[in-house]
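Structure below is input-v6.txt: compact mmCIF, C-alpha atoms.
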# COMPACT_ATOMS: atom_id res chain seq x y z
CA MET A 1 11.24 -9.03 9.59
CA CYS A 2 11.03 -8.14 13.27
CA ASP A 3 14.73 -8.83 13.87
CA ILE A 4 15.69 -6.61 10.94
CA ASN A 5 13.45 -3.76 12.10
CA THR A 6 14.75 -4.09 15.67
CA ARG A 7 18.31 -3.69 14.36
CA ILE A 8 17.35 -0.75 12.14
CA GLN A 9 15.55 0.96 15.01
CA SER A 10 18.64 0.65 17.19
CA LEU A 11 20.65 2.43 14.50
CA VAL A 12 18.25 5.27 13.64
CA ASN A 13 16.13 5.61 16.81
CA ASN A 14 15.04 9.11 15.86
CA GLY A 15 11.33 8.76 15.33
CA VAL A 16 11.57 7.27 11.84
CA LEU A 17 8.62 4.95 11.29
CA LEU A 18 9.59 1.47 10.15
CA SER A 19 7.52 -0.50 7.67
CA THR A 20 7.27 -4.08 6.53
CA GLY A 21 7.78 -2.89 2.95
CA GLY A 22 6.51 -4.84 -0.02
CA ASP A 23 5.74 -8.52 -0.03
CA VAL A 24 4.53 -11.10 -2.51
CA ASP A 25 0.85 -11.15 -1.59
CA TYR A 26 -1.69 -10.31 1.09
CA GLY A 27 -0.98 -13.59 2.87
CA LEU A 28 2.61 -12.55 3.58
CA SER A 29 1.69 -8.91 4.20
CA LEU A 30 -0.81 -9.98 6.86
CA ARG A 31 1.47 -12.29 8.83
CA LEU A 32 0.50 -11.98 12.49
CA GLU A 33 4.12 -11.64 13.63
CA ASN A 34 4.38 -8.38 11.67
CA PHE A 35 1.52 -6.91 13.69
CA GLN A 36 2.91 -8.29 16.95
CA CYS A 37 6.42 -6.87 16.42
CA SER A 38 7.04 -3.79 18.57
CA THR A 39 9.53 -2.26 16.12
CA ILE A 40 7.24 -2.38 13.08
CA ASP A 41 5.10 0.76 12.88
CA LEU A 42 3.53 0.43 9.43
CA ILE A 43 2.17 -2.61 7.63
CA SER A 44 2.41 -2.47 3.86
CA LEU A 45 -0.18 -4.38 1.83
CA HIS A 46 1.07 -5.77 -1.44
CA ASP A 47 -0.68 -7.99 -3.98
CA TYR A 48 -1.28 -8.18 -7.71
CA THR A 49 -4.87 -9.38 -7.58
CA MET A 50 -7.52 -7.65 -9.63
CA ASP A 51 -10.30 -8.95 -7.38
CA GLU A 52 -11.84 -5.93 -5.63
CA ASP A 53 -13.94 -7.97 -3.18
CA TYR A 54 -10.95 -10.08 -2.13
CA SER A 55 -8.84 -6.93 -1.67
CA ARG A 56 -11.59 -5.26 0.35
CA ARG A 57 -11.77 -8.28 2.68
CA LYS A 58 -8.00 -8.28 3.11
CA PHE A 59 -7.98 -4.52 3.75
CA GLN A 60 -10.66 -5.00 6.44
CA GLU A 61 -8.60 -7.78 8.02
CA ALA A 62 -5.50 -5.57 7.98
CA ILE A 63 -7.36 -2.66 9.59
CA ARG A 64 -8.73 -4.91 12.32
CA LEU A 65 -5.27 -6.33 13.10
CA ALA A 66 -3.62 -2.91 12.92
CA GLN A 67 -6.10 -1.45 15.38
CA GLN A 68 -5.68 -4.44 17.68
CA TYR A 69 -1.86 -4.14 17.71
CA GLY A 70 -1.46 -0.36 17.42
CA LYS A 71 -0.12 -0.30 13.85
CA ARG A 72 -1.08 1.59 10.72
CA VAL A 73 -1.69 0.12 7.28
CA TYR A 74 -1.14 1.39 3.75
CA VAL A 75 -1.35 -0.16 0.27
CA GLU A 76 1.68 -0.12 -1.95
CA GLU A 77 2.76 -2.49 -4.67
CA PHE A 78 -0.07 -3.57 -6.96
CA GLY A 79 -0.88 -3.43 -10.64
CA ASP A 80 -0.68 -5.24 -13.92
CA ARG A 81 1.27 -5.14 -17.17
CA GLY A 82 0.52 -2.53 -19.79
CA ASP A 83 -1.23 0.82 -19.90
CA THR A 84 -4.88 -0.29 -19.94
CA GLN A 85 -4.31 -3.08 -17.43
CA MET A 86 -2.46 -0.74 -15.04
CA ALA A 87 -5.32 1.76 -15.29
CA GLN A 88 -7.77 -1.03 -14.49
CA ALA A 89 -5.67 -2.08 -11.47
CA LEU A 90 -5.52 1.52 -10.24
CA ASN A 91 -9.27 1.86 -10.48
CA ILE A 92 -10.09 -1.50 -8.88
CA ILE A 93 -7.59 -1.67 -6.04
CA ARG A 94 -7.67 2.03 -5.23
CA ALA A 95 -11.46 2.01 -5.08
CA ALA A 96 -11.25 -0.73 -2.45
CA ALA A 97 -8.55 1.23 -0.59
CA HIS A 98 -10.61 4.44 -0.67
CA GLN A 99 -13.68 2.64 0.66
CA GLN A 100 -11.63 1.47 3.65
CA GLY A 101 -9.81 4.79 4.09
CA LEU A 102 -6.40 3.30 3.38
CA PRO A 103 -3.66 5.44 1.88
CA TRP A 104 -1.85 4.05 -1.13
CA LEU A 105 1.24 4.79 -3.11
CA VAL A 106 2.77 3.87 -6.41
CA TRP A 107 6.04 2.09 -5.67
CA GLN A 108 8.00 3.05 -8.78
CA ILE A 109 7.54 5.54 -11.60
CA VAL A 110 9.83 5.21 -14.59
CA PRO A 111 9.97 7.01 -17.94
CA ASN A 112 10.53 4.06 -20.29
CA ALA A 113 7.69 1.59 -20.72
CA ARG A 114 8.44 -2.07 -21.29
CA SER A 115 5.29 -3.99 -22.08
CA GLY A 116 6.02 -6.98 -19.84
CA ASP A 117 6.84 -5.00 -16.70
CA TYR A 118 4.71 -4.08 -13.71
CA GLU A 119 6.31 -0.66 -13.27
CA PHE A 120 4.27 2.50 -13.53
CA PHE A 121 5.32 4.41 -16.65
CA THR A 122 5.10 8.13 -17.30
CA ASN A 123 4.13 7.66 -20.95
CA ASP A 124 1.14 5.39 -20.23
CA ARG A 125 -1.65 7.94 -20.71
CA THR A 126 -4.55 5.73 -19.69
CA ALA A 127 -2.80 4.70 -16.47
CA TRP A 128 -1.78 8.31 -15.73
CA THR A 129 -5.36 9.47 -16.13
CA ALA A 130 -6.51 6.77 -13.70
CA PHE A 131 -3.69 7.72 -11.32
CA GLU A 132 -4.68 11.39 -11.37
CA HIS A 133 -8.34 10.51 -10.81
CA GLN A 134 -7.63 8.14 -7.92
CA ALA A 135 -5.10 10.51 -6.32
CA TYR A 136 -7.67 13.31 -6.40
CA TRP A 137 -10.32 11.17 -4.69
CA ALA A 138 -7.88 9.73 -2.14
CA GLN A 139 -7.70 13.03 -0.28
CA MET A 140 -11.44 12.79 0.40
CA SER A 141 -11.34 9.32 1.97
CA PRO A 142 -11.41 9.41 5.78
CA SER A 143 -8.85 7.06 7.30
CA PRO A 144 -9.22 4.85 10.37
CA PHE A 145 -5.64 5.91 11.26
CA GLN A 146 -3.98 9.20 12.14
CA TRP A 147 -1.22 10.31 9.77
CA SER A 148 0.07 13.35 11.66
CA GLU A 149 3.49 13.09 9.97
CA ILE A 150 1.78 13.88 6.69
CA TRP A 151 -1.43 15.77 7.51
CA ASN A 152 -2.22 17.87 10.54
Turn this file's structure into structure tokens for me.
Amino acid sequence: MCDINTRIQSLVNNGVLLSTGGDVDYGLSLRLENFQCSTIDLISLHDYTMDEDYSRRKFQEAIRLAQQYGKRVYVEEFGDRGDTQMAQALNIIRAAAHQQGLPWLVWQIVPNARSGDYEFFTNDRTAWTAFEHQAYWAQMSPSPFQWSEIWN
């Protein structure tokens, strides 16, 4: 990851922040070498767990490492299959993110739902309601990091 980001930085070198991007689980997202790499600015947390306590512990670990190594952390890929399950994932994982002040994003929004997929679908009303609710409350969660590129 560090070698790739070092190469990318040499090509763009214009202030673009470089991220680890998605990964399989928190274990890979929290690899120490990601935090130690000078060309990685942002650490992305990615997991499909529905365990709020486990996620909270991993978010706390990520914040500690990010502060130690001068990085910032955000939560991206997460979820479950189906409308109700995706809504549950939004509510569980986002609640843990809000409590830690971590920003989050939905990695992909598509218009055609397929029941076995993890994508976020525009026609899943229960999930959209949860998304709207969590997005509203996210703006009220103080972050341990500065995001001056987004908010002043």
Counting all atoms listed in the file, give me one row per residue of range 14-88 of chain A with an atom at most 10 Å from an atom of range 144-150 of chain A, showing the shortest contact pair and its distance in Å to one decimal, sorted by chain then residue number, as a Markdown table.
| residue | atom | partner | partner_atom | distance |
| --- | --- | --- | --- | --- |
| A:Leu17 | CA | A:Glu149 | CA | 9.7 |
| A:Ile63 | CA | A:Pro144 | CA | 7.8 |
| A:Arg64 | CA | A:Pro144 | CA | 10.0 |
| A:Ala66 | CA | A:Phe145 | CA | 9.2 |
| A:Gln67 | CA | A:Phe145 | CA | 8.4 |
| A:Gly70 | CA | A:Phe145 | CA | 9.7 |
| A:Lys71 | CA | A:Phe145 | CA | 8.7 |
| A:Arg72 | CA | A:Phe145 | CA | 6.3 |
| A:Val73 | CA | A:Phe145 | CA | 8.1 |
| A:Tyr74 | CA | A:Phe145 | CA | 9.9 |
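The protein and nucleic acid residues lying at most 10 Å from Ser29 in chain A are A:Thr20, A:Gly21, A:Gly22, A:Asp23, A:Val24, A:Asp25, A:Asn34, A:Phe35, A:Ile43, A:Ser44, A:Leu45, A:His46, A:Asp47, A:Lys58, A:Ala62, with all atoms listed in the file considered and sequence neighbours fewer than 4 positions away removed.
Using only C-alpha atoms, the shortest contact distance between Ile4 in chain A and any of A:Ala87, A:Val16, A:Ile40, A:His133 is found at A:Ile40.
Residue nearest Ile8 in chain A within the list A:Asn91, A:Ser143, A:Thr129, A:Thr39: A:Thr39 [criterion: smallest interatomic distance, only C-alpha atoms].
Atom to atom, CA of Ala96 in chain A and CA of Glu33 in chain A stand 24.8 Å apart.
CA of Phe131 in chain A to CA of Leu90 in chain A spans 6.6 Å [interatomic distance, one decimal].
For the pair CA of Val75 in chain A and CA of Pro103 in chain A, the separation is 6.3 Å.
Proximity to Thr49 in chain A was assessed for A:Ala135, A:Cys2, A:Leu102, A:Ile93 counting all atoms listed in the file; the smallest distance is recorded for A:Ile93.
When all atoms listed in the file are used to measure the gap to Asp124 in chain A, the shortest distance among A:Trp104, A:Met50, A:Gln85, A:Leu18 belongs to A:Gln85.
The neighbours of Thr84 in chain A here are the residues that come within 10 Å of it, using all atoms listed in the file and leaving out any residue fewer than 2 positions away in the same chain; they are Asp80, Arg81, Gly82, Met86, Ala87, Gln88, Ala89, Leu90, Asp124, Arg125, Thr126, Ala127 and Ala130 of chain A.
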Would you output that residue set with C-alpha atoms, as a tab-separated table (two decimals), keeping the file's coordinate frame?
chain	number	residue	atom	x	y	z
A	80	ASP	CA	-0.68	-5.24	-13.92
A	81	ARG	CA	1.27	-5.14	-17.17
A	82	GLY	CA	0.52	-2.53	-19.79
A	86	MET	CA	-2.46	-0.74	-15.04
A	87	ALA	CA	-5.32	1.76	-15.29
A	88	GLN	CA	-7.77	-1.03	-14.49
A	89	ALA	CA	-5.67	-2.08	-11.47
A	90	LEU	CA	-5.52	1.52	-10.24
A	124	ASP	CA	1.14	5.39	-20.23
A	125	ARG	CA	-1.65	7.94	-20.71
A	126	THR	CA	-4.55	5.73	-19.69
A	127	ALA	CA	-2.80	4.70	-16.47
A	130	ALA	CA	-6.51	6.77	-13.70
List every protein, DNA or RNA residue that has at least one atom no more than 10 Å from (-6.9, 8.9, -3.0) in the file's coordinates, counting only C-alpha atoms, and write the result as an mmCIF file with C-alpha atoms, in the frame of the given file.
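Saved file selection_16.cif follows:
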data_model
loop_
_atom_site.group_PDB
_atom_site.id
_atom_site.type_symbol
_atom_site.label_atom_id
_atom_site.label_comp_id
_atom_site.auth_asym_id
_atom_site.auth_seq_id
_atom_site.Cartn_x
_atom_site.Cartn_y
_atom_site.Cartn_z
ATOM 1 C CA ARG A 94 -7.670 2.030 -5.230
ATOM 2 C CA ALA A 95 -11.460 2.010 -5.080
ATOM 3 C CA ALA A 97 -8.550 1.230 -0.590
ATOM 4 C CA HIS A 98 -10.610 4.440 -0.670
ATOM 5 C CA GLN A 99 -13.680 2.640 0.660
ATOM 6 C CA GLY A 101 -9.810 4.790 4.090
ATOM 7 C CA LEU A 102 -6.400 3.300 3.380
ATOM 8 C CA PRO A 103 -3.660 5.440 1.880
ATOM 9 C CA TRP A 104 -1.850 4.050 -1.130
ATOM 10 C CA LEU A 105 1.240 4.790 -3.110
ATOM 11 C CA PHE A 131 -3.690 7.720 -11.320
ATOM 12 C CA GLU A 132 -4.680 11.390 -11.370
ATOM 13 C CA HIS A 133 -8.340 10.510 -10.810
ATOM 14 C CA GLN A 134 -7.630 8.140 -7.920
ATOM 15 C CA ALA A 135 -5.100 10.510 -6.320
ATOM 16 C CA TYR A 136 -7.670 13.310 -6.400
ATOM 17 C CA TRP A 137 -10.320 11.170 -4.690
ATOM 18 C CA ALA A 138 -7.880 9.730 -2.140
ATOM 19 C CA GLN A 139 -7.700 13.030 -0.280
ATOM 20 C CA MET A 140 -11.440 12.790 0.400
ATOM 21 C CA SER A 141 -11.340 9.320 1.970
ATOM 22 C CA PRO A 142 -11.410 9.410 5.780
#
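With distances restricted to all atoms listed in the file, A:Ile92 is the closest residue to Asp53 in chain A from A:Met1, A:Ile92, A:Thr6, A:Leu11.
With only C-alpha atoms as the atoms that count, the minimum distance from Cys37 in chain A to the choices A:Gly15, A:Ser10, A:Tyr54, A:Asn5 is reached by A:Asn5.
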Could you rebuild range 12-23 of chain A with N, CA and C atoms and give it back as a PDB file, in the frame of the given file?
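The result, written out as result_20.pdb:
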ATOM      1  N   VAL A  12      18.822   3.952  13.976  1.00  0.00           N
ATOM      2  CA  VAL A  12      18.250   5.270  13.640  1.00  0.00           C
ATOM      3  C   VAL A  12      17.564   5.914  14.829  1.00  0.00           C
ATOM      4  N   ASN A  13      16.812   5.175  15.580  1.00  0.00           N
ATOM      5  CA  ASN A  13      16.130   5.610  16.810  1.00  0.00           C
ATOM      6  C   ASN A  13      15.875   7.109  16.898  1.00  0.00           C
ATOM      7  N   ASN A  14      15.318   7.681  15.870  1.00  0.00           N
ATOM      8  CA  ASN A  14      15.040   9.110  15.860  1.00  0.00           C
ATOM      9  C   ASN A  14      13.608   9.422  15.434  1.00  0.00           C
ATOM     10  N   GLY A  15      12.716   8.520  15.685  1.00  0.00           N
ATOM     11  CA  GLY A  15      11.330   8.760  15.330  1.00  0.00           C
ATOM     12  C   GLY A  15      10.945   8.331  13.935  1.00  0.00           C
ATOM     13  N   VAL A  16      11.878   7.764  13.177  1.00  0.00           N
ATOM     14  CA  VAL A  16      11.570   7.270  11.840  1.00  0.00           C
ATOM     15  C   VAL A  16      10.662   6.058  11.972  1.00  0.00           C
ATOM     16  N   LEU A  17       9.548   6.087  11.265  1.00  0.00           N
ATOM     17  CA  LEU A  17       8.620   4.950  11.290  1.00  0.00           C
ATOM     18  C   LEU A  17       9.166   3.836  10.406  1.00  0.00           C
ATOM     19  N   LEU A  18       9.092   2.620  10.897  1.00  0.00           N
ATOM     20  CA  LEU A  18       9.590   1.470  10.150  1.00  0.00           C
ATOM     21  C   LEU A  18       8.415   0.656   9.616  1.00  0.00           C
ATOM     22  N   SER A  19       8.578   0.198   8.375  1.00  0.00           N
ATOM     23  CA  SER A  19       7.520  -0.500   7.670  1.00  0.00           C
ATOM     24  C   SER A  19       7.956  -1.911   7.300  1.00  0.00           C
ATOM     25  N   THR A  20       6.977  -2.740   7.036  1.00  0.00           N
ATOM     26  CA  THR A  20       7.270  -4.080   6.530  1.00  0.00           C
ATOM     27  C   THR A  20       7.754  -4.019   5.089  1.00  0.00           C
ATOM     28  N   GLY A  21       7.420  -2.960   4.359  1.00  0.00           N
ATOM     29  CA  GLY A  21       7.780  -2.890   2.950  1.00  0.00           C
ATOM     30  C   GLY A  21       6.928  -3.832   2.133  1.00  0.00           C
ATOM     31  N   GLY A  22       7.285  -3.996   0.885  1.00  0.00           N
ATOM     32  CA  GLY A  22       6.510  -4.840  -0.020  1.00  0.00           C
ATOM     33  C   GLY A  22       6.642  -6.308   0.315  1.00  0.00           C
ATOM     34  N   ASP A  23       5.733  -7.082  -0.209  1.00  0.00           N
ATOM     35  CA  ASP A  23       5.740  -8.520  -0.030  1.00  0.00           C
ATOM     36  C   ASP A  23       5.143  -9.133  -1.283  1.00  0.00           C
TER      37      ASP A  23
END
